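What follows is the content of protein.txt, which has compact mmCIF, C-alpha atoms and all ligand atoms:
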```
# COMPACT_ATOMS: atom_id res chain seq x y z
CA MET F 1 -31.80 32.72 1.00
CA LYS F 2 -32.14 36.48 0.59
CA GLU F 3 -33.77 38.53 3.34
CA PHE F 4 -37.46 39.23 2.86
CA ALA F 5 -40.34 40.84 4.75
CA TYR F 6 -43.33 38.81 5.94
CA GLN F 7 -46.90 40.10 6.16
CA ARG F 8 -49.96 38.19 7.23
CA ALA F 9 -53.05 39.55 5.47
CA THR F 10 -56.56 39.10 6.83
CA ARG F 11 -58.42 41.06 4.14
CA VAL F 12 -58.17 40.64 0.36
CA ARG F 13 -57.55 44.37 -0.28
CA GLU F 14 -54.78 44.33 2.28
CA ALA F 15 -53.15 41.37 0.51
CA LEU F 16 -53.48 43.05 -2.89
CA ALA F 17 -51.95 46.30 -1.61
CA ALA F 18 -48.99 44.36 -0.20
CA GLY F 19 -48.63 41.95 -3.15
CA ARG F 20 -46.63 44.34 -5.38
CA ASP F 21 -43.06 45.46 -6.00
CA GLY F 22 -41.41 42.05 -5.92
CA ALA F 23 -43.75 40.50 -3.33
CA ARG F 24 -45.21 36.98 -3.62
CA TYR F 25 -48.32 35.50 -2.10
CA LEU F 26 -47.62 32.71 0.32
CA GLY F 27 -50.07 29.79 0.37
CA GLY F 28 -48.81 26.65 2.05
CA GLY F 29 -45.27 27.59 1.00
CA THR F 30 -44.57 24.02 -0.13
CA ASN F 31 -43.25 25.15 -3.51
CA LEU F 32 -42.34 28.79 -3.04
CA VAL F 33 -40.20 28.34 0.07
CA ASP F 34 -38.24 25.49 -1.54
CA LEU F 35 -37.48 27.75 -4.51
CA MET F 36 -36.44 30.56 -2.18
CA LYS F 37 -34.05 28.21 -0.39
CA ASN F 38 -32.20 27.34 -3.59
CA GLY F 39 -32.21 30.91 -4.88
CA VAL F 40 -34.63 30.46 -7.78
CA GLU F 41 -37.16 32.82 -6.18
CA ALA F 42 -36.14 35.89 -4.19
CA PRO F 43 -39.26 37.86 -3.23
CA THR F 44 -38.90 41.10 -1.32
CA ARG F 45 -41.96 40.25 0.77
CA LEU F 46 -44.14 37.22 1.44
CA VAL F 47 -47.81 38.08 1.79
CA ASP F 48 -49.36 35.22 3.71
CA VAL F 49 -52.84 34.63 2.29
CA ARG F 50 -53.86 31.66 4.42
CA HIS F 51 -55.83 33.84 6.85
CA LEU F 52 -57.95 35.48 4.17
CA PRO F 53 -61.64 34.53 4.14
CA LEU F 54 -61.12 32.37 1.03
CA ASP F 55 -61.27 28.96 2.63
CA GLY F 56 -63.85 26.26 1.95
CA VAL F 57 -66.05 24.68 -0.70
CA ARG F 58 -69.52 26.08 -1.35
CA GLU F 59 -72.41 25.73 -3.80
CA ALA F 60 -72.30 27.91 -6.92
CA PRO F 61 -75.65 29.56 -7.77
CA ASP F 62 -75.90 27.39 -10.93
CA GLY F 63 -75.38 24.12 -9.04
CA GLY F 64 -71.64 23.82 -9.52
CA LEU F 65 -69.02 24.21 -6.79
CA VAL F 66 -66.84 27.13 -5.76
CA ILE F 67 -63.55 26.13 -4.12
CA GLY F 68 -61.88 28.94 -2.19
CA ALA F 69 -58.25 29.61 -3.11
CA THR F 70 -56.88 28.93 0.37
CA THR F 71 -58.72 25.64 0.82
CA THR F 72 -56.07 23.02 1.43
CA ASN F 73 -55.56 20.17 -1.01
CA SER F 74 -56.56 17.74 1.77
CA ASP F 75 -59.83 19.54 2.55
CA THR F 76 -60.70 19.85 -1.13
CA ALA F 77 -60.06 16.15 -1.76
CA ALA F 78 -62.11 15.12 1.28
CA HIS F 79 -65.11 17.38 0.66
CA PRO F 80 -68.20 15.18 0.20
CA GLU F 81 -69.52 17.16 -2.79
CA VAL F 82 -66.15 17.16 -4.54
CA ARG F 83 -65.98 13.39 -4.04
CA ARG F 84 -69.57 12.89 -5.23
CA ARG F 85 -69.73 15.29 -8.19
CA PHE F 86 -66.08 15.45 -9.31
CA PRO F 87 -64.39 12.27 -8.04
CA ALA F 88 -61.52 12.63 -10.53
CA LEU F 89 -60.56 15.89 -8.80
CA SER F 90 -60.49 14.24 -5.40
CA GLN F 91 -58.45 11.33 -6.82
CA ALA F 92 -56.03 13.72 -8.55
CA LEU F 93 -55.41 15.62 -5.33
CA LEU F 94 -54.92 12.45 -3.33
CA SER F 95 -52.39 11.18 -5.87
CA GLY F 96 -50.18 14.21 -5.30
CA ALA F 97 -47.35 14.77 -2.83
CA SER F 98 -47.87 13.40 0.70
CA GLY F 99 -50.49 13.78 3.42
CA GLN F 100 -48.39 16.37 5.22
CA LEU F 101 -47.87 18.43 2.06
CA ARG F 102 -51.54 18.23 1.08
CA ASN F 103 -52.46 19.54 4.53
CA MET F 104 -50.41 22.67 3.80
CA ALA F 105 -50.82 23.14 0.04
CA THR F 106 -53.62 25.41 -1.16
CA VAL F 107 -55.71 25.43 -4.33
CA GLY F 108 -54.26 28.80 -5.44
CA GLY F 109 -50.68 27.71 -4.81
CA ASN F 110 -51.20 24.36 -6.51
CA LEU F 111 -52.34 26.07 -9.73
CA VAL F 112 -49.36 28.43 -9.79
CA GLN F 113 -46.67 25.97 -8.65
CA ARG F 114 -43.58 25.95 -10.87
CA THR F 115 -42.25 23.20 -13.12
CA ARG F 116 -40.21 20.30 -11.72
CA CYS F 117 -37.67 20.47 -14.57
CA ALA F 118 -34.44 19.85 -12.67
CA TYR F 119 -32.60 22.56 -14.62
CA PHE F 120 -35.15 25.15 -13.53
CA ALA F 121 -34.37 24.39 -9.89
CA ASP F 122 -30.61 24.53 -10.47
CA PRO F 123 -29.38 28.14 -10.60
CA SER F 124 -26.13 27.00 -12.28
CA ALA F 125 -28.02 25.61 -15.34
CA SER F 126 -29.24 27.68 -18.29
CA CYS F 127 -33.02 27.99 -18.19
CA ASN F 128 -35.21 30.38 -20.17
CA LYS F 129 -38.03 29.96 -17.69
CA ARG F 130 -35.83 31.12 -14.79
CA ILE F 131 -33.81 33.74 -16.72
CA ALA F 132 -35.33 34.80 -20.04
CA GLY F 133 -32.93 34.37 -22.93
CA SER F 134 -30.40 32.24 -21.03
CA GLY F 135 -31.06 29.05 -23.02
CA CYS F 136 -32.59 25.67 -22.22
CA ALA F 137 -30.34 23.02 -20.72
CA ALA F 138 -33.02 20.36 -21.18
CA ILE F 139 -32.99 20.57 -24.98
CA ALA F 140 -29.60 18.83 -25.09
CA GLY F 141 -29.85 17.29 -21.63
CA GLU F 142 -32.00 14.99 -19.53
CA GLN F 143 -35.54 15.13 -20.88
CA HIS F 144 -37.24 11.82 -20.13
CA ASN F 145 -39.84 13.61 -17.99
CA HIS F 146 -40.44 16.50 -20.35
CA ALA F 147 -43.19 17.44 -22.81
CA ILE F 148 -44.52 15.65 -25.88
CA PHE F 149 -47.11 18.32 -26.76
CA GLY F 150 -47.03 22.09 -27.05
CA TRP F 151 -43.34 22.67 -26.33
CA SER F 152 -41.10 25.14 -28.10
CA GLU F 153 -37.37 25.37 -28.75
CA HIS F 154 -37.27 27.73 -25.75
CA CYS F 155 -38.72 25.34 -23.15
CA VAL F 156 -39.81 21.70 -23.05
CA ALA F 157 -40.90 21.53 -19.41
CA THR F 158 -44.17 20.06 -18.12
CA HIS F 159 -46.60 21.46 -15.58
CA PRO F 160 -46.47 19.40 -12.40
CA SER F 161 -49.98 19.75 -10.95
CA ASP F 162 -52.31 16.74 -10.75
CA MET F 163 -55.17 18.90 -9.52
CA ALA F 164 -55.03 21.20 -12.55
CA VAL F 165 -55.41 18.23 -14.93
CA ALA F 166 -58.74 17.25 -13.38
CA MET F 167 -59.82 20.88 -13.29
CA ALA F 168 -58.99 21.21 -17.00
CA ALA F 169 -61.16 18.20 -17.80
CA PHE F 170 -64.02 19.83 -15.87
CA ASP F 171 -63.72 23.23 -17.61
CA ALA F 172 -62.93 24.95 -14.33
CA VAL F 173 -62.79 28.74 -14.18
CA VAL F 174 -60.19 30.61 -12.11
CA ARG F 175 -61.44 33.66 -10.22
CA TYR F 176 -59.01 36.37 -9.25
CA GLU F 177 -58.91 39.86 -7.84
CA THR F 178 -56.61 42.83 -8.43
CA LEU F 179 -56.74 46.37 -7.05
CA ASP F 180 -58.70 47.24 -10.23
CA GLY F 181 -61.46 44.68 -9.63
CA VAL F 182 -62.34 41.03 -10.12
CA GLY F 183 -61.88 38.75 -13.12
CA GLU F 184 -62.26 35.17 -14.35
CA ILE F 185 -60.11 33.03 -16.65
CA PRO F 186 -61.23 29.63 -17.98
CA LEU F 187 -58.59 27.06 -17.07
CA ALA F 188 -58.17 26.33 -20.80
CA GLU F 189 -56.74 29.86 -21.15
CA PHE F 190 -55.10 30.15 -17.73
CA TYR F 191 -51.72 28.64 -18.73
CA LEU F 192 -50.06 30.50 -21.60
CA PRO F 193 -48.57 28.67 -24.60
CA VAL F 194 -44.78 28.36 -24.16
CA GLY F 195 -43.75 30.16 -27.36
CA ASP F 196 -40.68 32.28 -26.84
CA THR F 197 -41.73 33.48 -23.38
CA PRO F 198 -41.62 30.41 -21.09
CA GLN F 199 -41.01 32.72 -18.14
CA ARG F 200 -44.62 33.95 -18.50
CA GLU F 201 -46.71 31.04 -17.33
CA THR F 202 -50.24 32.24 -16.62
CA ALA F 203 -52.72 34.79 -17.92
CA LEU F 204 -53.12 36.30 -14.43
CA PRO F 205 -52.59 40.07 -14.46
CA PRO F 206 -49.61 41.32 -12.41
CA GLY F 207 -50.32 41.24 -8.68
CA ALA F 208 -53.53 39.20 -9.13
CA LEU F 209 -54.65 37.09 -6.20
CA ILE F 210 -56.51 33.89 -7.07
CA THR F 211 -59.64 33.89 -4.93
CA ALA F 212 -61.45 30.72 -6.06
CA VAL F 213 -61.89 28.04 -8.69
CA VAL F 214 -65.38 27.38 -10.03
CA LEU F 215 -66.41 23.92 -11.21
CA PRO F 216 -69.46 24.32 -13.45
CA LYS F 217 -72.63 22.30 -13.09
CA GLU F 218 -72.39 21.07 -16.71
CA ALA F 219 -69.18 19.24 -15.80
CA ILE F 220 -70.58 17.23 -12.89
CA SER F 221 -69.30 13.71 -13.57
CA PRO F 222 -69.87 11.21 -10.77
CA ARG F 223 -68.23 8.50 -12.90
CA SER F 224 -65.05 10.41 -13.63
CA ARG F 225 -61.60 8.94 -12.91
CA TYR F 226 -58.01 10.14 -12.48
CA ARG F 227 -55.11 7.78 -13.05
CA LYS F 228 -51.45 8.65 -12.69
CA VAL F 229 -48.36 6.74 -13.79
CA ARG F 230 -45.24 7.68 -11.83
CA GLU F 231 -41.82 6.36 -11.12
CA ARG F 232 -42.72 5.09 -7.66
CA ALA F 233 -46.00 4.25 -6.02
CA SER F 234 -46.31 7.46 -3.99
CA TYR F 235 -44.66 10.81 -3.43
CA ALA F 236 -43.78 11.32 -7.09
CA PHE F 237 -44.94 13.65 -9.83
CA ALA F 238 -46.85 12.31 -12.83
CA THR F 239 -44.93 10.73 -15.67
CA VAL F 240 -48.26 10.72 -17.49
CA SER F 241 -51.74 11.08 -16.01
CA VAL F 242 -55.30 11.07 -17.32
CA ALA F 243 -58.47 12.67 -15.97
CA ALA F 244 -61.57 11.49 -17.81
CA SER F 245 -65.33 11.23 -17.67
CA LEU F 246 -67.68 9.39 -19.98
CA GLU F 247 -71.44 9.43 -20.39
CA VAL F 248 -72.93 6.57 -22.42
CA HIS F 249 -76.60 6.19 -23.39
CA ASN F 250 -77.84 3.22 -25.41
CA GLY F 251 -74.27 2.28 -26.22
CA LEU F 252 -73.39 5.70 -27.65
CA VAL F 253 -71.02 8.27 -26.14
CA ARG F 254 -73.06 11.35 -25.26
CA GLY F 255 -70.43 13.19 -23.27
CA VAL F 256 -66.70 12.78 -22.84
CA ARG F 257 -63.94 14.77 -21.15
CA ILE F 258 -60.27 13.83 -21.26
CA ALA F 259 -57.24 15.75 -20.03
CA LEU F 260 -53.62 14.60 -19.80
CA GLY F 261 -50.95 15.53 -17.27
CA GLY F 262 -47.17 15.22 -17.50
CA VAL F 263 -47.16 15.78 -21.26
CA ALA F 264 -47.12 19.56 -21.76
CA SER F 265 -46.46 22.90 -20.09
CA ARG F 266 -50.13 22.92 -19.08
CA PRO F 267 -52.86 20.34 -18.58
CA TRP F 268 -53.46 18.96 -22.05
CA ARG F 269 -57.11 18.70 -23.02
CA ALA F 270 -57.43 15.76 -25.41
CA ARG F 271 -59.83 17.44 -27.84
CA ALA F 272 -59.03 15.13 -30.77
CA ALA F 273 -59.84 12.04 -28.69
CA GLU F 274 -63.03 13.65 -27.39
CA ALA F 275 -64.18 14.62 -30.90
CA PHE F 276 -63.48 11.10 -32.17
CA LEU F 277 -65.58 9.50 -29.43
CA GLN F 278 -68.51 11.91 -29.27
CA ASP F 279 -71.78 10.29 -30.50
CA GLY F 280 -70.02 7.09 -31.57
CA PRO F 281 -70.23 3.60 -30.06
CA ALA F 282 -68.61 3.15 -26.65
CA THR F 283 -66.38 0.19 -27.48
CA ALA F 284 -62.85 -0.81 -26.53
CA ASP F 285 -61.74 -0.48 -30.17
CA ARG F 286 -63.05 3.07 -30.32
CA PHE F 287 -61.34 3.99 -27.05
CA ARG F 288 -58.04 2.79 -28.52
CA ALA F 289 -58.63 4.64 -31.79
CA ALA F 290 -59.50 7.82 -29.87
CA ALA F 291 -56.24 7.59 -27.95
CA ASP F 292 -54.35 7.09 -31.22
CA ALA F 293 -56.13 10.11 -32.74
CA GLU F 294 -54.88 12.28 -29.88
CA LEU F 295 -51.34 10.92 -29.82
CA ALA F 296 -50.95 11.29 -33.60
CA ALA F 297 -50.12 14.95 -32.95
CA ALA F 298 -47.52 14.23 -30.26
CA GLU F 299 -43.98 15.51 -30.83
CA PRO F 300 -41.78 13.51 -28.50
CA LEU F 301 -38.26 14.65 -27.72
CA PRO F 302 -35.33 12.28 -28.34
CA GLY F 303 -35.45 11.21 -24.68
CA ASN F 304 -39.16 10.71 -24.03
CA GLY F 305 -40.79 8.79 -26.89
CA TYR F 306 -42.02 6.26 -24.34
CA LYS F 307 -44.60 8.80 -23.15
CA VAL F 308 -46.54 8.55 -26.42
CA LYS F 309 -47.30 4.86 -25.93
CA LEU F 310 -47.85 5.34 -22.21
CA ALA F 311 -50.34 8.17 -22.70
CA GLY F 312 -52.26 6.21 -25.34
CA ASN F 313 -52.46 3.12 -23.16
CA LEU F 314 -53.56 5.20 -20.18
CA ILE F 315 -56.37 6.95 -22.06
CA GLU F 316 -57.65 3.59 -23.28
CA ALA F 317 -57.39 1.98 -19.84
CA VAL F 318 -59.19 4.81 -18.03
CA LEU F 319 -62.06 4.92 -20.54
CA LYS F 320 -62.48 1.14 -20.25
CA GLU F 321 -62.46 1.40 -16.47
CA ILE F 322 -65.17 4.08 -16.45
CA HIS F 323 -67.28 2.15 -18.96
CA ALA F 324 -66.94 -1.22 -17.23
C1 LIG W 401 -41.91 16.61 -2.14
C2 LIG W 401 -43.06 17.18 -2.94
C3 LIG W 401 -43.82 16.34 -3.72
C4 LIG W 401 -44.89 16.86 -4.47
N1 LIG W 401 -45.62 16.01 -5.25
C5 LIG W 401 -46.65 16.53 -5.99
C6 LIG W 401 -47.42 15.69 -6.85
O1 LIG W 401 -47.22 14.48 -6.93
N2 LIG W 401 -48.43 16.27 -7.56
C7 LIG W 401 -48.70 17.61 -7.49
O2 LIG W 401 -49.63 18.08 -8.16
N3 LIG W 401 -47.98 18.42 -6.71
C8 LIG W 401 -46.97 17.90 -5.96
N4 LIG W 401 -46.22 18.73 -5.19
C9 LIG W 401 -46.42 20.16 -5.30
C10 LIG W 401 -47.44 20.68 -4.35
O3 LIG W 401 -48.71 20.23 -4.77
C11 LIG W 401 -47.34 22.19 -4.43
O4 LIG W 401 -46.12 22.55 -3.84
C12 LIG W 401 -48.49 22.86 -3.74
O5 LIG W 401 -49.71 22.52 -4.31
C13 LIG W 401 -48.33 24.37 -3.83
O6 LIG W 401 -49.32 24.97 -3.01
P1 LIG W 401 -48.90 25.97 -1.86
O7 LIG W 401 -50.16 26.52 -1.29
O8 LIG W 401 -47.95 25.36 -0.90
O9 LIG W 401 -48.16 27.07 -2.75
P2 LIG W 401 -46.99 28.03 -2.37
O10 LIG W 401 -45.71 27.30 -2.34
O11 LIG W 401 -47.36 28.85 -1.19
O12 LIG W 401 -47.05 29.00 -3.65
C14 LIG W 401 -46.78 28.52 -4.95
C15 LIG W 401 -46.95 29.70 -5.92
O13 LIG W 401 -48.31 30.09 -5.94
C16 LIG W 401 -48.43 31.49 -5.63
N5 LIG W 401 -49.70 31.63 -4.92
C17 LIG W 401 -50.08 31.00 -3.78
N6 LIG W 401 -51.36 31.32 -3.50
C18 LIG W 401 -51.78 32.17 -4.46
C19 LIG W 401 -53.01 32.85 -4.72
N7 LIG W 401 -54.09 32.71 -3.93
N8 LIG W 401 -53.08 33.65 -5.79
C20 LIG W 401 -52.01 33.81 -6.63
N9 LIG W 401 -50.83 33.18 -6.44
C21 LIG W 401 -50.73 32.37 -5.37
C22 LIG W 401 -47.21 31.80 -4.80
O14 LIG W 401 -46.88 33.17 -4.83
C23 LIG W 401 -46.17 30.94 -5.48
O15 LIG W 401 -45.71 31.59 -6.65
C24 LIG W 401 -45.18 18.24 -4.41
C25 LIG W 401 -44.42 19.09 -3.60
C26 LIG W 401 -43.37 18.58 -2.87
C27 LIG W 401 -42.56 19.52 -2.01
S1 LIG W 402 -37.23 22.89 -20.20
FE1 LIG W 402 -37.91 24.93 -19.56
S2 LIG W 402 -37.70 24.86 -17.34
FE2 LIG W 402 -36.40 23.21 -18.16
S3 LIG W 402 -34.36 24.10 -18.56
FE3 LIG W 402 -35.51 24.33 -20.42
S4 LIG W 402 -36.37 26.40 -20.24
FE4 LIG W 402 -35.82 25.77 -18.18
```
Let me see the file written as structure tokens.
Amino acid sequence: MKEFAYQRATRVREALAAGRDGARYLGGGTNLVDLMKNGVEAPTRLVDVRHLPLDGVREAPDGGLVIGATTTNSDTAAHPEVRRRFPALSQALLSGASGQLRNMATVGGNLVQRTRCAYFADPSASCNKRIAGSGCAAIAGEQHNHAIFGWSEHCVATHPSDMAVAMAAFDAVVRYETLDGVGEIPLAEFYLPVGDTPQRETALPPGALITAVVLPKEAISPRSRYRKVRERASYAFATVSVAASLEVHNGLVRGVRIALGGVASRPWRARAAEAFLQDGPATADRFRAAADAELAAAEPLPGNGYKVKLAGNLIEAVLKEIHA
């Protein structure tokens, strides 16, 4: 590990002033420190943001929720209003990592965590995300856990966060601050398309500090669900996951939200499935057909065709579970 400076910030402006020139913000450190240990990340300075006044969940003026960026994954998952209004978010968080990790991991760090593509974490492998233009070892290598949507010839990795999948389904908005002022990015635009620049992952401006995530009132979904398929029962990243909510009145779908995890470089909002279901009958056949409509656009790699069937089955199963 290369030498680095450490600075604990207690005010946002102080953090922003220090968060430049090769510095990185330090949340729980559960991803960043691992990557520093194996040489993938080498910041000049860690700016510890956990003592900033950005902790906790509070009411948004419009009736939604504002989750501070340094709120731990455990506290977010356990918050009574998160559990009541956005249960899929609580379930997504609780499906991730372990109790110890969730006690350390923060909302800001969870959003910006890096891919779990094994070649990315191996400095001896070629990886465009780690070193732009160096190639992609996964294209001709091990790819059973890689993307089936939205990949490019330059990178086929998936985004690892469970939390972000639920937030995508709920149309969350990321709030950030820079030395020039404050800004907001809808989660749908937060993760950049892979294209030929997989090393650029988010739309955050350079040096931006995430300060909060807003969950809008319109997305309140007490009957939402998150389900995750993984290679072992706990302590594993998603092979495929689904966050969904469904509102049915008089047998007709009047509101539906579906997002997939483990299938793309960002949480994948299943817009085709949602459009298929909206205002139609809420039946098992239609749930299956909606899943098929979404998966028709999948582009599996030679090593991960199984994810197409898995994702379709999971969408259908979660919608049936909510509607039961
Ligand atoms: C063994 C293991 C298993 C795991 N399993 C899962 C799993 O199943 N599902 C899952 O979703 N995750 C899983 N994780 C990942 C875990 O959720 C992330 O490591 C964690 O959420 C990152 O949060 P952190 O606060 O520790 O981030 P850090 O490691 O501190 O930071 C991560 C990145 O975010 C940046 N950052 C931190 N805070 C901010 C901020 N406020 N503004 C801007 N940038 C910021 C940092 O500079 C860094 O680039 C696992 C991790 C481990 C080690
Ligand atoms: S899939 Fe992406 S992260 Fe993995 S080796 Fe290729 S470029 Fe790197």
Discussion item. Give me, as JSON, numbers by chain, the set of residues whose atoms come within 6 Å of any atom of ligand LIG 401 (chain W), counting all atoms listed in the file.
Written reply: {"F": [24, 25, 26, 27, 28, 29, 30, 31, 32, 69, 96, 97, 104, 105, 106, 108, 109, 110, 112, 113, 160, 161, 162, 163, 209, 210, 211, 235, 236, 237]}
Discussion item. Please return as a ChimeraX atom specification the residues found within 9 Å of ligand LIG 402 (chain W), counting only C-alpha atoms and all ligand atoms.
Written reply: /F:114-122,125-132,134-139,141,143,146-147,151,153-158,194,198-199,265
Discussion item. Can you measure CA of Pro186 (chain F) to CA of Asn73 (chain F) for me? One decimal in Å is fine.
Written reply: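 Answer for the CA of Pro186 (chain F) to CA of Asn73 (chain F) separation: 20.2 Å.
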I'd like a table as CSV: residues in region 199-254 of chain F with an atom no more than 10 Å from region 174-178 of chain F, each row giving the shortest atom pair and its distance in Å to one decimal, all atoms listed in the file counted, sorted by chain and rising residue number.
```
residue,atom,partner,partner_atom,distance
F:Leu204,CA,F:Tyr176,CA,7.8
F:Pro205,CA,F:Thr178,CA,7.8
F:Pro206,CA,F:Thr178,CA,8.2
F:Gly207,CA,F:Thr178,CA,6.5
F:Ala208,CA,F:Thr178,CA,4.8
F:Leu209,CA,F:Glu177,CA,5.3
F:Ile210,CA,F:Tyr176,CA,4.1
F:Thr211,CA,F:Tyr176,CA,5.0
F:Ala212,CA,F:Arg175,CA,5.1
F:Val213,CA,F:Val174,CA,4.6
F:Val214,CA,F:Val174,CA,6.5
F:Leu215,CA,F:Val174,CA,9.2
```
Worksheet entry | Proximity to Tyr191 (chain F) - best of F:His159, F:Arg266, F:Arg8, F:His249, all atoms listed in the file |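 Counting all atoms listed in the file, the residue closest to Tyr191 (chain F) is F:Arg266.
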Fill in: Å distance separating CA of Tyr226 (chain F) from CA of Ala311 (chain F), one decimal place
12.9 Å
Discussion item. Calculated over all atoms listed in the file, which of the candidates F:Phe170, F:Ala284, F:Gln100, F:Thr197 has the smallest distance to Val256 (chain F)?
Written reply: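 Counting all atoms listed in the file, the residue closest to Val256 (chain F) is F:Phe170.
In this model, the gap between CA of Gly280 (chain F) and CA of Ser245 (chain F) comes to 15.2 Å.
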Discussion item. At a cut-off of 7 Å, using all atoms listed in the file, what residues contact region 299-306 of chain F? Leave out same-chain residues fewer than 3 positions from it and give the result as an MDAnalysis selection string.
Written reply: chainID F and resid 143:146 148:149 309:310
